[in-house]
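Visitor: Once you've had a glance at the structure underneath, I'll fire off some questions.
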Amino acid sequence: MNTDILLGKTTEHLVPLEGTNVFLHKDIIRDFNKLKQAASEEGFQIEVASGFRSFDRQKLIWDSKARGERKLLDDHGQELNFSDLSPKEIMYSILRWSALPGASRHHWGTDFDVFNGKTQSKEEVELTTAECTGNGPAAEFHDWLDFQISQKASFGFYRPYREELGGVAPERWHLSYSRLSDKYIVEYTYSLFRKNIEENDFLLKDLLLEHSQEIFERYFLNISAP
């Protein structure tokens with residue numbers, strides 16, 4: 001296994017989706033197109049809001065949240081007051097919604113965020129629970145996708161953050177290609193996770209090291225099964 005793929009430090013495994021600047025793992029494109037065609041036949045238009053995300057991009061997100069330059073959200077997606085939080089609370093609030101750089105499933109090109117292009121443009125999408133449930137613009141599309149997954153008719157795609165497990169918040173918009181991501185998560189050991197923190201200058205690094213075993217188990221390994 002090339003650990004650079006796991007850590008988001010290479011693009012060798014990626015290809016662009018046709019007509020976009022979104023990159024996914026080259027080995028998932030065929031089945032992604034099958035899922036897209038199945039959705040189209042039901043009146044939906046699958047679009048990818050976020051595909052591959054590099055280590056550097058994830059680090060920018062992490063550090064800007066740790067500095068209070070980006071919103072921090074509570075368990076219900078409501079904005080928190082940064083100045084009211086301790087460093088430890090800041091760390092856990094980030095982990096609830098954003099992966100540690102080098103430990104994001106988006107690095108692998110197997111995981112991506114989707115919306116229904118028939119009801120929203122990419123510029124409008126916020127990737128929130130409200131968009132994907134109830135009367136949200138993507139709710140009907142996600143209900144259809146739930147059915148496809150339950151019937152094993154989603155061509156290998158599933159929701160790793162389908163339910164509340166006490167780690168990453170449920171993300172109905174996040175899909176993963178299990179035939180590859182299941183292999184990658186096995187290859188991604190705790191020692192690699194710890195080494196990644198030790199060798200990089202993340203904000204909140206001391207806290208991350210102090211709680212590294214818990215973070216690895218609670219926010220990385222703790223996912224819904226395919």
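Chain labels follow the order of the structure tokens: the first chain is A, the next B, and so on; residue numbering restarts at 1 in every chain, and ligands are counted from 1 in their shown order.
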Set the distance at 12 Å and use only C-alpha atoms: which residues neighbour Glu214 of chain A once local chain neighbours fewer than 4 positions away are removed? I'd like the list as a compact mmCIF listing (two decimals) with C-alpha atoms, in the first residue's frame.

Guide:
# COMPACT_ATOMS: atom_id res chain seq x y z
CA TYR A 92 -13.48 17.90 19.63
CA LEU A 95 -13.36 16.47 14.84
CA GLY A 166 -20.65 9.27 19.06
CA GLY A 167 -17.86 10.21 16.66
CA TYR A 190 -2.89 3.47 14.64
CA PHE A 193 -2.18 7.81 12.53
CA ARG A 194 0.10 8.67 15.46
CA LEU A 207 -3.86 17.72 22.59
CA LEU A 208 -4.08 15.53 19.52
CA LEU A 209 -1.11 13.50 20.73
CA GLU A 210 -2.48 13.27 24.25
CA ARG A 218 -13.79 7.32 17.97
CA TYR A 219 -13.41 9.54 14.90
CA PHE A 220 -11.60 7.34 12.38
CA LEU A 221 -12.51 3.69 12.91
CA ASN A 222 -16.01 4.39 14.27

Visitor: Considering only C-alpha atoms, return as a list of chain:residue names whatever protein or nucleic-acid residues lie within 10 Å of segment 127-142 of chain A, sequence-local ones (same chain, fewer than 5 positions apart) excluded.

Guide: A:Ala39, A:Glu42, A:Gly43, A:Phe44, A:Gln45, A:Ile46, A:Ala49, A:Ser50, A:His76, A:Gly77, A:Asp113, A:Val114, A:Phe115, A:Asn116, A:Gly117, A:Lys118, A:Thr119, A:Gln120, A:Phe147, A:Gln148, A:Ala169, A:Pro170, A:Glu171, A:Arg172, A:Trp173, A:His174

Visitor: Tell me which protein, DNA and RNA residues are within 12 Å of Lys183 of chain A, counting only C-alpha atoms, leaving out same-chain ones fewer than 4 positions away, and put them as a VMD selection string.

Guide: chain A and resid 1 6 105 108 110 176 to 179 187 to 189

Visitor: How would you write, as a PyMOL selection string, the set of residues in segment 2-109 of chain A that DSSP gives as strand (DSSP E)?

Guide: chain A and resi 14-16+23-25+46-50

Visitor: Nearest residue to Leu145 of chain A out of A:Asn21, A:Ser40, A:Ser191, A:Asn196, using only C-alpha atoms?

Guide: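 Nearest candidate to Leu145 of chain A out of A:Asn21, A:Ser40, A:Ser191, A:Asn196: A:Ser40.
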
Visitor: Considering only alpha helix (DSSP H) as DSSP defines it on the backbone, what residues of segment 54-106 of chain A qualify? List them as a PyMOL selection string.

Guide: chain A and resi 55-66+87-97

Visitor: Take the residues from that selection and put them in a file with C-alpha atoms, as an mmCIF file, in the first residue's frame.

Guide:
data_model
loop_
_atom_site.group_PDB
_atom_site.id
_atom_site.type_symbol
_atom_site.label_atom_id
_atom_site.label_comp_id
_atom_site.auth_asym_id
_atom_site.auth_seq_id
_atom_site.Cartn_x
_atom_site.Cartn_y
_atom_site.Cartn_z
ATOM 1 C CA PHE A 55 -3.507 16.796 2.893
ATOM 2 C CA ASP A 56 -2.682 20.486 2.418
ATOM 3 C CA ARG A 57 -6.312 21.396 1.789
ATOM 4 C CA GLN A 58 -7.427 19.468 4.868
ATOM 5 C CA LYS A 59 -4.723 21.132 6.953
ATOM 6 C CA LEU A 60 -5.914 24.562 5.837
ATOM 7 C CA ILE A 61 -9.446 23.660 6.990
ATOM 8 C CA TRP A 62 -8.210 22.241 10.299
ATOM 9 C CA ASP A 63 -5.927 25.146 11.192
ATOM 10 C CA SER A 64 -8.438 27.817 10.198
ATOM 11 C CA LYS A 65 -11.076 26.195 12.432
ATOM 12 C CA ALA A 66 -8.546 25.902 15.262
ATOM 13 C CA PRO A 87 -8.693 24.215 23.446
ATOM 14 C CA LYS A 88 -9.930 20.693 24.136
ATOM 15 C CA GLU A 89 -13.517 21.660 23.298
ATOM 16 C CA ILE A 90 -12.295 23.303 20.101
ATOM 17 C CA MET A 91 -10.459 20.125 19.102
ATOM 18 C CA TYR A 92 -13.482 17.898 19.633
ATOM 19 C CA SER A 93 -15.867 20.295 17.913
ATOM 20 C CA ILE A 94 -13.603 20.268 14.841
ATOM 21 C CA LEU A 95 -13.365 16.471 14.839
ATOM 22 C CA ARG A 96 -17.151 16.227 14.952
ATOM 23 C CA TRP A 97 -17.402 17.707 11.439
#

Visitor: Could you jot down the atom CA of Phe157 of chain A to atom CA of Pro16 of chain A separation for me, Å, one decimal place?

Guide: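 Computing the Euclidean distance for atom CA of Phe157 of chain A and atom CA of Pro16 of chain A yields 18.4 Å.
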
Visitor: Could you tell me how far atom CA of Ser224 of chain A lies from atom CA of Ser54 of chain A, in Å and to one decimal?

Guide: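 Spanning atom CA of Ser224 of chain A to atom CA of Ser54 of chain A is a straight-line distance of 23.8 Å.
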